[in-house]
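A.B. asks: This one is target_36.cif, mmCIF, C-alpha atoms.
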```cif
data_data
#
loop_
_atom_site.label_atom_id
_atom_site.label_comp_id
_atom_site.auth_asym_id
_atom_site.auth_seq_id
_atom_site.Cartn_x
_atom_site.Cartn_y
_atom_site.Cartn_z
CA MET G 1 95.13 53.46 173.66
CA ALA G 2 94.37 49.88 172.92
CA GLY G 3 96.71 47.15 173.78
CA ARG G 4 96.04 43.60 172.85
CA PRO G 5 93.64 42.38 174.21
CA VAL G 6 91.51 45.45 173.73
CA LEU G 7 89.81 45.54 177.08
CA ARG G 8 92.87 45.35 179.24
CA GLY G 9 93.00 47.71 182.16
CA LEU G 10 89.32 48.43 182.52
CA VAL G 11 87.55 47.97 185.80
CA THR G 12 83.91 47.45 186.67
CA GLU G 13 81.39 46.05 184.31
CA GLY G 14 78.99 48.86 185.15
CA LEU G 15 80.43 50.69 182.15
CA ARG G 16 78.53 51.49 179.02
CA PHE G 17 80.49 51.26 175.81
CA ARG G 18 79.62 53.95 173.33
CA VAL G 19 80.72 53.60 169.74
CA VAL G 20 81.43 56.49 167.40
CA ASP G 21 82.33 56.47 163.77
CA ALA G 22 84.88 59.21 163.26
CA LYS G 23 84.70 59.19 159.51
CA GLY G 24 84.44 62.73 158.22
CA GLN G 25 84.04 64.24 161.69
CA VAL G 26 85.93 67.36 162.67
CA VAL G 27 88.61 66.50 165.22
CA GLY G 28 88.00 69.14 167.83
CA ARG G 29 84.26 68.91 167.82
CA LEU G 30 84.31 65.15 168.08
CA ALA G 31 86.93 65.28 170.80
CA SER G 32 84.94 67.69 172.91
CA GLN G 33 81.89 65.45 172.75
CA ILE G 34 83.97 62.40 173.62
CA ALA G 35 85.57 64.17 176.56
CA LYS G 36 82.15 65.08 177.83
CA VAL G 37 81.05 61.46 177.75
CA LEU G 38 84.26 60.24 179.36
CA THR G 39 83.89 62.57 182.31
CA GLY G 40 80.28 61.58 182.79
CA LYS G 41 78.87 65.02 182.26
CA ASP G 42 75.96 63.78 180.22
CA LYS G 43 74.52 61.89 183.14
CA PRO G 44 72.43 63.35 185.92
CA THR G 45 74.51 61.34 188.39
CA TYR G 46 77.60 63.40 187.73
CA LEU G 47 80.07 63.85 190.60
CA PRO G 48 83.36 65.63 190.09
CA HIS G 49 85.40 63.39 192.35
CA VAL G 50 84.23 60.11 190.98
CA ASP G 51 84.84 58.64 187.54
CA GLY G 52 81.32 57.97 186.34
CA GLY G 53 81.76 58.32 182.61
CA ASP G 54 81.19 55.81 179.87
CA ALA G 55 83.83 54.13 177.81
CA VAL G 56 84.09 55.31 174.24
CA VAL G 57 85.21 53.32 171.26
CA VAL G 58 86.18 55.28 168.18
CA VAL G 59 86.33 53.67 164.81
CA ASN G 60 87.76 54.97 161.52
CA ALA G 61 89.95 57.43 163.38
CA ALA G 62 92.22 57.77 160.38
CA GLN G 63 89.42 59.51 158.51
CA VAL G 64 88.87 62.50 160.76
CA ASP G 65 89.06 65.93 159.27
CA PHE G 66 90.34 69.36 160.12
CA THR G 67 88.71 72.52 158.87
CA GLY G 68 90.63 75.26 157.19
CA ARG G 69 94.28 74.77 156.39
CA LYS G 70 95.11 72.93 159.57
CA TRP G 71 96.37 69.85 157.79
CA ASP G 72 99.34 71.92 156.68
CA GLN G 73 99.49 74.53 159.37
CA LYS G 74 98.78 72.75 162.60
CA LEU G 75 101.96 71.61 164.28
CA TYR G 76 102.42 69.05 166.97
CA ARG G 77 105.41 70.07 169.02
CA TRP G 78 107.39 68.31 171.66
CA HIS G 79 110.78 68.65 173.29
CA THR G 80 113.09 65.69 173.59
CA GLY G 81 114.88 66.96 176.65
CA TYR G 82 118.16 67.45 174.86
CA PRO G 83 119.31 70.98 174.06
CA GLY G 84 118.06 72.15 170.73
CA GLY G 85 115.62 69.30 170.74
CA LEU G 86 112.38 71.04 169.91
CA LYS G 87 110.71 68.94 167.28
CA GLU G 88 107.61 69.52 165.31
CA ARG G 89 105.48 67.66 162.90
CA THR G 90 102.49 68.72 160.84
CA ALA G 91 99.07 67.25 161.27
CA ARG G 92 99.22 65.56 157.92
CA ASP G 93 102.42 63.74 158.83
CA GLN G 94 101.05 62.79 162.19
CA LEU G 95 98.09 61.17 160.53
CA ALA G 96 100.39 59.22 158.25
CA ARG G 97 102.64 58.02 161.04
CA GLU G 98 100.23 57.40 163.83
CA PRO G 99 96.64 58.23 163.01
CA GLU G 100 95.17 57.43 166.41
CA ALA G 101 97.32 60.08 168.06
CA VAL G 102 95.53 62.96 166.38
CA LEU G 103 92.26 62.26 168.11
CA GLN G 104 93.96 60.98 171.25
CA LYS G 105 95.86 64.19 171.83
CA ALA G 106 92.77 66.22 171.15
CA VAL G 107 90.73 64.33 173.72
CA MET G 108 93.49 64.33 176.34
CA GLY G 109 93.72 68.08 176.06
CA MET G 110 90.02 68.35 176.78
CA LEU G 111 89.87 66.15 179.82
CA PRO G 112 90.23 67.86 183.19
CA LYS G 113 93.84 67.93 184.31
CA ASN G 114 93.51 66.08 187.56
CA ASN G 115 94.30 62.73 189.08
CA MET G 116 91.39 61.09 187.36
CA ARG G 117 92.60 62.02 183.92
CA ARG G 118 94.50 58.81 183.30
CA ALA G 119 91.64 56.62 184.41
CA MET G 120 89.32 58.47 182.08
CA ALA G 121 91.79 58.26 179.23
CA ARG G 122 92.04 54.53 179.67
CA LYS G 123 88.37 54.24 178.88
CA LEU G 124 88.91 55.67 175.45
CA ARG G 125 89.81 53.19 172.75
CA ILE G 126 90.65 54.50 169.33
CA PHE G 127 90.94 52.41 166.19
CA ALA G 128 92.22 53.75 162.93
CA GLY G 129 90.32 51.24 160.87
CA PRO G 130 86.67 50.27 160.67
CA GLU G 131 86.95 47.29 163.00
CA HIS G 132 87.13 47.14 166.72
CA GLY G 133 87.67 43.91 168.52
CA LEU G 134 84.69 44.19 170.76
CA GLU G 135 81.79 42.61 168.97
CA GLY G 136 80.10 40.10 171.14
CA LYS G 137 82.22 40.84 174.15
CA VAL G 138 80.38 43.81 175.51
CA GLU G 139 77.14 45.53 174.84
CA LEU G 140 77.66 48.49 172.53
CA VAL G 141 75.62 51.65 172.57
CA PRO G 142 75.91 54.22 169.79
CA LEU G 143 77.09 57.70 170.61
CA ASP G 144 75.22 60.30 168.66
CA MET G 145 76.97 63.49 167.79
CA PRO G 146 74.80 66.59 168.04
CA PRO G 147 74.08 68.10 164.64
CA ARG G 148 76.60 70.63 163.56
CA ALA G 149 75.36 74.19 163.28
CA LEU G 150 77.40 75.77 160.55
CA ARG G 151 77.39 79.51 160.39
CA VAL G 152 77.08 81.17 157.02
CA LYS G 153 80.15 83.35 156.77
CA GLY G 154 80.14 86.31 154.47
CA PRO G 155 77.28 88.24 153.00
CA VAL G 156 74.43 86.39 151.43
CA LEU G 157 74.53 86.61 147.67
CA GLU G 158 71.43 87.61 145.81
CA LEU G 159 71.61 86.43 142.24
CA GLU G 160 69.54 87.56 139.31
CA GLU G 161 67.14 85.25 137.64
CA GLY G 162 68.72 83.24 134.88
CA PHE G 163 72.25 83.56 136.18
CA GLU G 164 74.36 80.66 135.05
CA PRO G 165 77.94 80.38 136.28
CA PHE G 166 80.59 79.42 133.73
CA ASN G 167 82.00 76.78 135.94
CA PRO G 168 79.13 75.51 138.07
CA GLU G 169 81.17 73.02 140.03
CA ALA G 170 83.75 75.53 141.21
CA TYR G 171 81.17 78.23 141.71
CA TYR G 172 78.89 76.25 143.96
CA LYS G 173 81.79 74.88 145.89
CA ARG G 174 82.98 78.37 146.63
CA PHE G 175 79.76 80.26 147.05
CA GLY G 176 77.14 77.60 147.53
CA HIS G 177 76.64 78.16 151.20
CA ARG G 178 76.13 81.87 150.70
CA LEU G 179 73.46 81.84 148.06
CA ALA G 180 70.12 83.21 149.07
CA ALA G 181 68.26 80.09 147.99
CA ALA G 182 70.48 77.88 150.10
CA LYS G 183 70.15 80.06 153.14
CA ALA G 184 66.38 80.17 152.89
CA GLY G 185 66.28 76.44 152.86
CA GLN G 186 68.66 76.05 155.78
CA ARG W 1 97.60 76.09 225.73
CA LYS W 2 95.75 72.89 226.24
CA GLU W 3 92.96 74.07 223.98
CA VAL W 4 95.31 74.55 221.08
CA LEU W 5 97.05 71.23 221.49
CA ASP W 6 93.73 69.45 221.70
CA LEU W 7 92.74 70.96 218.38
CA THR W 8 95.83 69.64 216.67
CA LYS W 9 95.25 65.95 217.20
CA GLY W 10 96.20 64.15 214.02
CA PHE W 11 98.49 66.83 212.65
CA ARG W 12 101.79 65.83 211.19
CA GLY W 13 105.06 65.83 213.10
CA SER W 14 105.77 68.54 215.56
CA SER W 15 102.57 70.39 214.76
CA SER W 16 100.70 68.22 217.19
CA LYS W 17 103.37 68.23 219.85
CA LEU W 18 105.10 71.58 220.08
CA TYR W 19 103.04 74.53 221.14
CA ARG W 20 104.53 77.19 218.93
CA THR W 21 104.17 75.32 215.66
CA ALA W 22 100.83 73.97 216.78
CA GLN W 23 99.60 77.50 217.31
CA GLN W 24 100.47 78.41 213.74
CA ARG W 25 98.84 75.35 212.32
CA THR W 26 95.66 75.83 214.27
CA ILE W 27 95.29 79.38 213.06
CA LYS W 28 95.69 78.14 209.49
CA ALA W 29 93.30 75.30 210.01
CA LEU W 30 90.61 77.46 211.54
CA THR W 31 90.87 80.10 208.82
CA ASN W 32 90.62 77.40 206.21
CA SER W 33 87.57 75.88 207.77
CA TYR W 34 85.92 79.31 207.96
CA LYS W 35 86.56 79.95 204.29
CA ASP W 36 85.61 76.50 203.22
CA ARG W 37 82.27 76.59 204.94
CA LYS W 38 81.43 79.32 202.50
CA ILE W 39 83.10 77.62 199.58
CA LYS W 40 81.28 74.38 200.27
CA LYS W 41 78.00 76.03 199.43
CA ARG W 42 79.39 77.14 196.09
CA GLU W 43 80.81 73.72 195.30
CA PHE W 44 77.45 72.09 195.76
CA VAL W 45 75.76 74.56 193.47
CA LYS W 46 78.27 73.63 190.80
CA ILE W 47 77.41 69.97 191.11
CA TRP W 48 73.68 70.62 190.99
CA VAL W 49 74.05 72.77 187.91
CA SER W 50 76.06 70.12 186.08
CA ARG W 51 73.52 67.50 186.96
CA ILE W 52 70.56 69.57 185.89
CA ASN W 53 72.35 70.45 182.68
CA ALA W 54 72.93 66.78 181.92
CA ALA W 55 69.38 65.77 182.79
CA VAL W 56 67.80 68.55 180.78
CA ARG W 57 69.90 67.98 177.69
CA LEU W 58 68.39 64.54 177.37
CA SER W 59 65.17 66.32 176.48
CA GLY W 60 66.69 68.69 173.99
CA LEU W 61 66.94 71.74 176.24
CA ASN W 62 69.98 73.22 177.88
CA TYR W 63 70.55 74.58 181.33
CA SER W 64 70.24 78.26 180.48
CA ASN W 65 66.96 77.89 178.65
CA PHE W 66 65.68 75.64 181.39
CA GLN W 67 66.38 78.30 184.00
CA ASN W 68 64.79 80.96 181.87
CA GLN W 69 61.60 79.00 181.45
CA LEU W 70 61.59 78.12 185.10
CA LYS W 71 61.68 81.76 186.06
CA THR W 72 59.06 82.83 183.57
CA SER W 73 56.67 80.17 184.81
CA LYS W 74 57.35 81.46 188.31
CA ILE W 75 58.46 78.19 189.77
CA LEU W 76 60.67 78.88 192.71
CA LEU W 77 62.37 75.53 193.03
CA ASN W 78 66.06 75.86 193.63
CA ARG W 79 68.81 73.87 191.99
CA LYS W 80 69.26 71.45 194.78
CA ILE W 81 65.71 70.25 194.55
CA CYS W 82 65.69 70.21 190.78
CA SER W 83 68.76 68.05 190.68
CA GLN W 84 67.34 65.66 193.26
CA ILE W 85 64.11 65.36 191.34
CA ALA W 86 66.00 64.66 188.16
CA LEU W 87 67.98 62.01 189.96
CA GLN W 88 65.32 60.14 191.82
CA ASP W 89 61.98 60.82 190.28
CA LYS W 90 62.25 60.90 186.51
CA GLU W 91 58.52 61.05 185.90
CA SER W 92 58.05 64.13 187.99
CA PHE W 93 60.98 65.76 186.31
CA ASP W 94 59.46 65.09 182.91
CA LYS W 95 56.19 66.60 184.08
CA LEU W 96 58.08 69.61 185.32
CA LEU W 97 59.65 70.04 181.91
CA ASP W 98 56.29 69.74 180.19
CA PHE W 99 54.78 72.27 182.55
CA ILE W 100 57.53 74.73 181.82
CA LYS W 101 57.56 74.37 178.08
CA ILE W 102 54.01 75.45 177.58
#
```
Represent the structure from my file as structure tokens, please.

C.D. replies:
Amino acid sequence: MAGRPVLRGLVTEGLRFRVVDAKGQVVGRLASQIAKVLTGKDKPTYLPHVDGGDAVVVVNAAQVDFTGRKWDQKLYRWHTGYPGGLKERTARDQLAREPEAVLQKAVMGMLPKNNMRRAMARKLRIFAGPEHGLEGKVELVPLDMPPRALRVKGPVLELEEGFEPFNPEAYYKRFGHRLAAAKAGQ
Amino acid sequence: RKEVLDLTKGFRGSSSKLYRTAQQRTIKALTNSYKDRKIKKREFVKIWVSRINAAVRLSGLNYSNFQNQLKTSKILLNRKICSQIALQDKESFDKLLDFIKI
């Protein structure tokens, strides 16, 4: 997490800083890619006992997305230590209270649970808004997310010629990805 | 007796001084080193695989497809060499990839 100043606690200027825009990205998929970069697994110089990963700067973290009904169903749970102190909070509330934590927890869960975990986590800086305080201070390299391969779920619908739905907007939203024409063009 | 106590130089506390405990510790230490000589070979393969995976993904492949194409083109290089090539000699590695893809 960022303190002020942003770069506090980082060692060695041999680091590359990769920037990601989290707007509209799915949390888990983004987090897994970030964790990969933080551990250094995208470099052919990977060594498991050495922290050779890049630093990652995430921007617009308040605009990440969950698929399905996770905004209402996913619960963040923790115990306060006192009896009867199991607390929980939905993902939507977590985003409202502390938006950076959503992505932060996701990435922490994906880093290897060893002594290097904290050092790796320190290289991750998450910003809820569109600005990060690093312009001009370090050289920034963009982090490209691999394209998302969405699976067509459900049978492909073959429609007759001249079929017009009554409510095109709702229809295409619900069935658009399953139409034969869409699948052929995929 | 002397053999055992010589083996335990550097062990903590009474394990390097008293014969009975030293005996136990040496047995443990020798079994561990026997096992680990075998495990060491596995550990290195893991590192080579991760490195090859990383290097190959830069060119749009992944490790499993890379291995498949390697086998079908009958190249018998093992992982150790592949990872070293990827590390030190990028041009040759690229040529290897081109050779395999065809």

A.B. asks: From the set W:Arg51, W:Lys101, W:Lys80, W:Arg20, which residue has the shortest atom-to-atom contact distance to chain G, counting all atoms listed in the file?

C.D. replies: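 Closest to chain G, using all atoms listed in the file: W:Arg51.
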
A.B. asks: Using all atoms listed in the file, which chain W residues lie at most 8 Å away from chain G, written as a list in words?

C.D. replies: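 Only these qualify: Ile47, Ser50, Arg51, Ile52, Asn53, Ala54, Ala55, Arg57, Ser83, Ala86 and Leu87 of chain W.
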
A.B. asks: Within 12 Å of (105.0, 71.7, 216.7), in the coordinates the file gives, what residues turn up when you count all atoms listed in the file, written out as a tab-separated table (two decimals) with C-alpha atoms, in the frame of the given file?

C.D. replies:
```
chain	number	residue	atom	x	y	z
W	4	VAL	CA	95.31	74.55	221.08
W	5	LEU	CA	97.05	71.23	221.49
W	8	THR	CA	95.83	69.64	216.67
W	9	LYS	CA	95.25	65.95	217.20
W	10	GLY	CA	96.20	64.15	214.02
W	11	PHE	CA	98.49	66.83	212.65
W	12	ARG	CA	101.79	65.83	211.19
W	13	GLY	CA	105.06	65.83	213.10
W	14	SER	CA	105.77	68.54	215.56
W	15	SER	CA	102.57	70.39	214.76
W	16	SER	CA	100.70	68.22	217.19
W	17	LYS	CA	103.37	68.23	219.85
W	18	LEU	CA	105.10	71.58	220.08
W	19	TYR	CA	103.04	74.53	221.14
W	20	ARG	CA	104.53	77.19	218.93
W	21	THR	CA	104.17	75.32	215.66
W	22	ALA	CA	100.83	73.97	216.78
W	23	GLN	CA	99.60	77.50	217.31
W	24	GLN	CA	100.47	78.41	213.74
W	25	ARG	CA	98.84	75.35	212.32
W	26	THR	CA	95.66	75.83	214.27
```

A.B. asks: So which one's closest to Tyr76 in chain G, G:Arg18, G:Lys105, G:Lys36, G:Arg148? Using all atoms listed in the file, please.

C.D. replies: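 Nearest candidate to Tyr76 in chain G out of G:Arg18, G:Lys105, G:Lys36, G:Arg148: G:Lys105.
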
A.B. asks: To one decimal in Å, tell me the separation between CA of Tyr82 in chain G and CA of Glu98 in chain G.

C.D. replies: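 Straight-line distance from CA of Tyr82 in chain G to CA of Glu98 in chain G works out to 23.3 Å.
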
A.B. asks: Take the PyMOL selection byres ((chain G and resi 22) around 6), run it mentally on this structure, and tell me the resulting residues as a list in words.

C.D. replies: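 On the file shown, the PyMOL selection byres ((chain G and resi 22) around 6) covers Asp21, Lys23, Gln25, Val59, Asn60, Ala61 and Val64 of chain G.
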
A.B. asks: Could you list as a PyMOL selection string every residue that has an atom within 8 Å of (78.6, 60.9, 171.6), using the file's coordinates and counting only C-alpha atoms?

C.D. replies: chain G and resi 18-20+30+33-34+37+142-146

A.B. asks: To one decimal place in Å, what is the distance between CA of Tyr171 in chain G and CA of Arg69 in chain G?

C.D. replies: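 Between CA of Tyr171 in chain G and CA of Arg69 in chain G the gap works out to 20.0 Å.
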
A.B. asks: What's the separation between CA of Gly129 in chain G and CA of Met116 in chain G, in Å to one decimal place?

C.D. replies: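 CA of Met116 in chain G lies 28.3 Å from CA of Gly129 in chain G.
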
A.B. asks: Go through W:Ile81, W:Leu7, W:Leu96, W:Val45 one by one, measure the shortest atom-to-atom distance of each to Ala29 in chain W using only C-alpha atoms, and give the residue with the smallest value.

C.D. replies: W:Leu7

A.B. asks: Can you translate the PyMOL selection byres ((chain G and resi 120) around 10) into the concrete residues it hits in this file, as a PyMOL selection string?

C.D. replies: chain G and resi 35+37-40+51-56+108+111-112+115-119+121-124

A.B. asks: Might I get the box with edges along x, y and z of the file that holds all atoms of range 109-127 of chain G listed there, padded by 3 Å on every side, given as centre and edge lengths in Å to one decimal, as AutoDock Vina command-line options?

C.D. replies:
```
--center_x 91.4 --center_y 60.4 --center_z 177.6 --size_x 12.1 --size_y 21.9 --size_z 28.9
```

A.B. asks: List as a compact mmCIF listing (two decimals) with C-alpha atoms, in the coordinates of the input the protein and nucleic acid residues near Asp94 in chain W, meaning an atom at most 10 Å away when only C-alpha atoms are counted, but skip any in the same chain fewer than 5 places from it.

C.D. replies:
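The resulting file, out22.txt, is reproduced below:
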```
# COMPACT_ATOMS: atom_id res chain seq x y z
CA ALA W 55 69.38 65.77 182.79
CA VAL W 56 67.80 68.55 180.78
CA SER W 59 65.17 66.32 176.48
CA ILE W 85 64.11 65.36 191.34
CA ALA W 86 66.00 64.66 188.16
CA ASP W 89 61.98 60.82 190.28
CA PHE W 99 54.78 72.27 182.55
CA ILE W 100 57.53 74.73 181.82
```

A.B. asks: So which residues touch Lys74 in chain G within 7 Å, counting only C-alpha atoms, skipping near sequence neighbours fewer than 3 positions away, as a VMD selection string?

C.D. replies: chain G and resid 70 to 71 90 to 91

A.B. asks: Assuming the input is short of atoms at range 56-68 of chain W, produce N, CA, C and O atoms for that part as an mmCIF file, keeping the file's coordinate frame.

C.D. replies:
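Contents of the output file out.cif:
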```cif
data_model
loop_
_atom_site.group_PDB
_atom_site.id
_atom_site.type_symbol
_atom_site.label_atom_id
_atom_site.label_comp_id
_atom_site.auth_asym_id
_atom_site.auth_seq_id
_atom_site.Cartn_x
_atom_site.Cartn_y
_atom_site.Cartn_z
ATOM 1 N N VAL W 56 68.673 67.787 181.657
ATOM 2 C CA VAL W 56 67.800 68.550 180.780
ATOM 3 C C VAL W 56 68.172 68.362 179.315
ATOM 4 O O VAL W 56 67.330 68.381 178.428
ATOM 5 N N ARG W 57 69.481 68.160 179.071
ATOM 6 C CA ARG W 57 69.900 67.980 177.690
ATOM 7 C C ARG W 57 69.378 66.702 177.080
ATOM 8 O O ARG W 57 69.317 66.567 175.858
ATOM 9 N N LEU W 58 68.997 65.755 177.910
ATOM 10 C CA LEU W 58 68.390 64.540 177.370
ATOM 11 C C LEU W 58 67.054 64.837 176.709
ATOM 12 O O LEU W 58 66.578 64.067 175.890
ATOM 13 N N SER W 59 66.457 65.970 177.092
ATOM 14 C CA SER W 59 65.170 66.320 176.480
ATOM 15 C C SER W 59 65.304 67.441 175.479
ATOM 16 O O SER W 59 64.333 68.091 175.148
ATOM 17 N N GLY W 60 66.525 67.714 175.045
ATOM 18 C CA GLY W 60 66.690 68.690 173.990
ATOM 19 C C GLY W 60 66.824 70.127 174.433
ATOM 20 O O GLY W 60 66.997 71.026 173.633
ATOM 21 N N LEU W 61 66.740 70.371 175.735
ATOM 22 C CA LEU W 61 66.940 71.740 176.240
ATOM 23 C C LEU W 61 68.381 71.918 176.637
ATOM 24 O O LEU W 61 69.170 70.997 176.558
ATOM 25 N N ASN W 62 68.722 73.106 177.146
ATOM 26 C CA ASN W 62 69.980 73.220 177.880
ATOM 27 C C ASN W 62 69.732 73.985 179.163
ATOM 28 O O ASN W 62 68.644 74.496 179.397
ATOM 29 N N TYR W 63 70.753 74.070 179.987
ATOM 30 C CA TYR W 63 70.550 74.580 181.330
ATOM 31 C C TYR W 63 70.054 76.014 181.313
ATOM 32 O O TYR W 63 69.160 76.390 182.070
ATOM 33 N N SER W 64 70.614 76.845 180.438
ATOM 34 C CA SER W 64 70.240 78.260 180.480
ATOM 35 C C SER W 64 68.782 78.459 180.092
ATOM 36 O O SER W 64 68.054 79.214 180.753
ATOM 37 N N ASN W 65 68.363 77.748 179.026
ATOM 38 C CA ASN W 65 66.960 77.890 178.650
ATOM 39 C C ASN W 65 66.033 77.322 179.705
ATOM 40 O O ASN W 65 64.944 77.853 179.951
ATOM 41 N N PHE W 66 66.481 76.246 180.329
ATOM 42 C CA PHE W 66 65.680 75.640 181.390
ATOM 43 C C PHE W 66 65.453 76.645 182.504
ATOM 44 O O PHE W 66 64.336 76.837 182.984
ATOM 45 N N GLN W 67 66.515 77.317 182.930
ATOM 46 C CA GLN W 67 66.380 78.300 184.000
ATOM 47 C C GLN W 67 65.472 79.426 183.598
ATOM 48 O O GLN W 67 64.641 79.904 184.377
ATOM 49 N N ASN W 68 65.620 79.866 182.353
ATOM 50 C CA ASN W 68 64.790 80.960 181.870
ATOM 51 C C ASN W 68 63.318 80.597 181.939
ATOM 52 O O ASN W 68 62.495 81.353 182.447
#
```
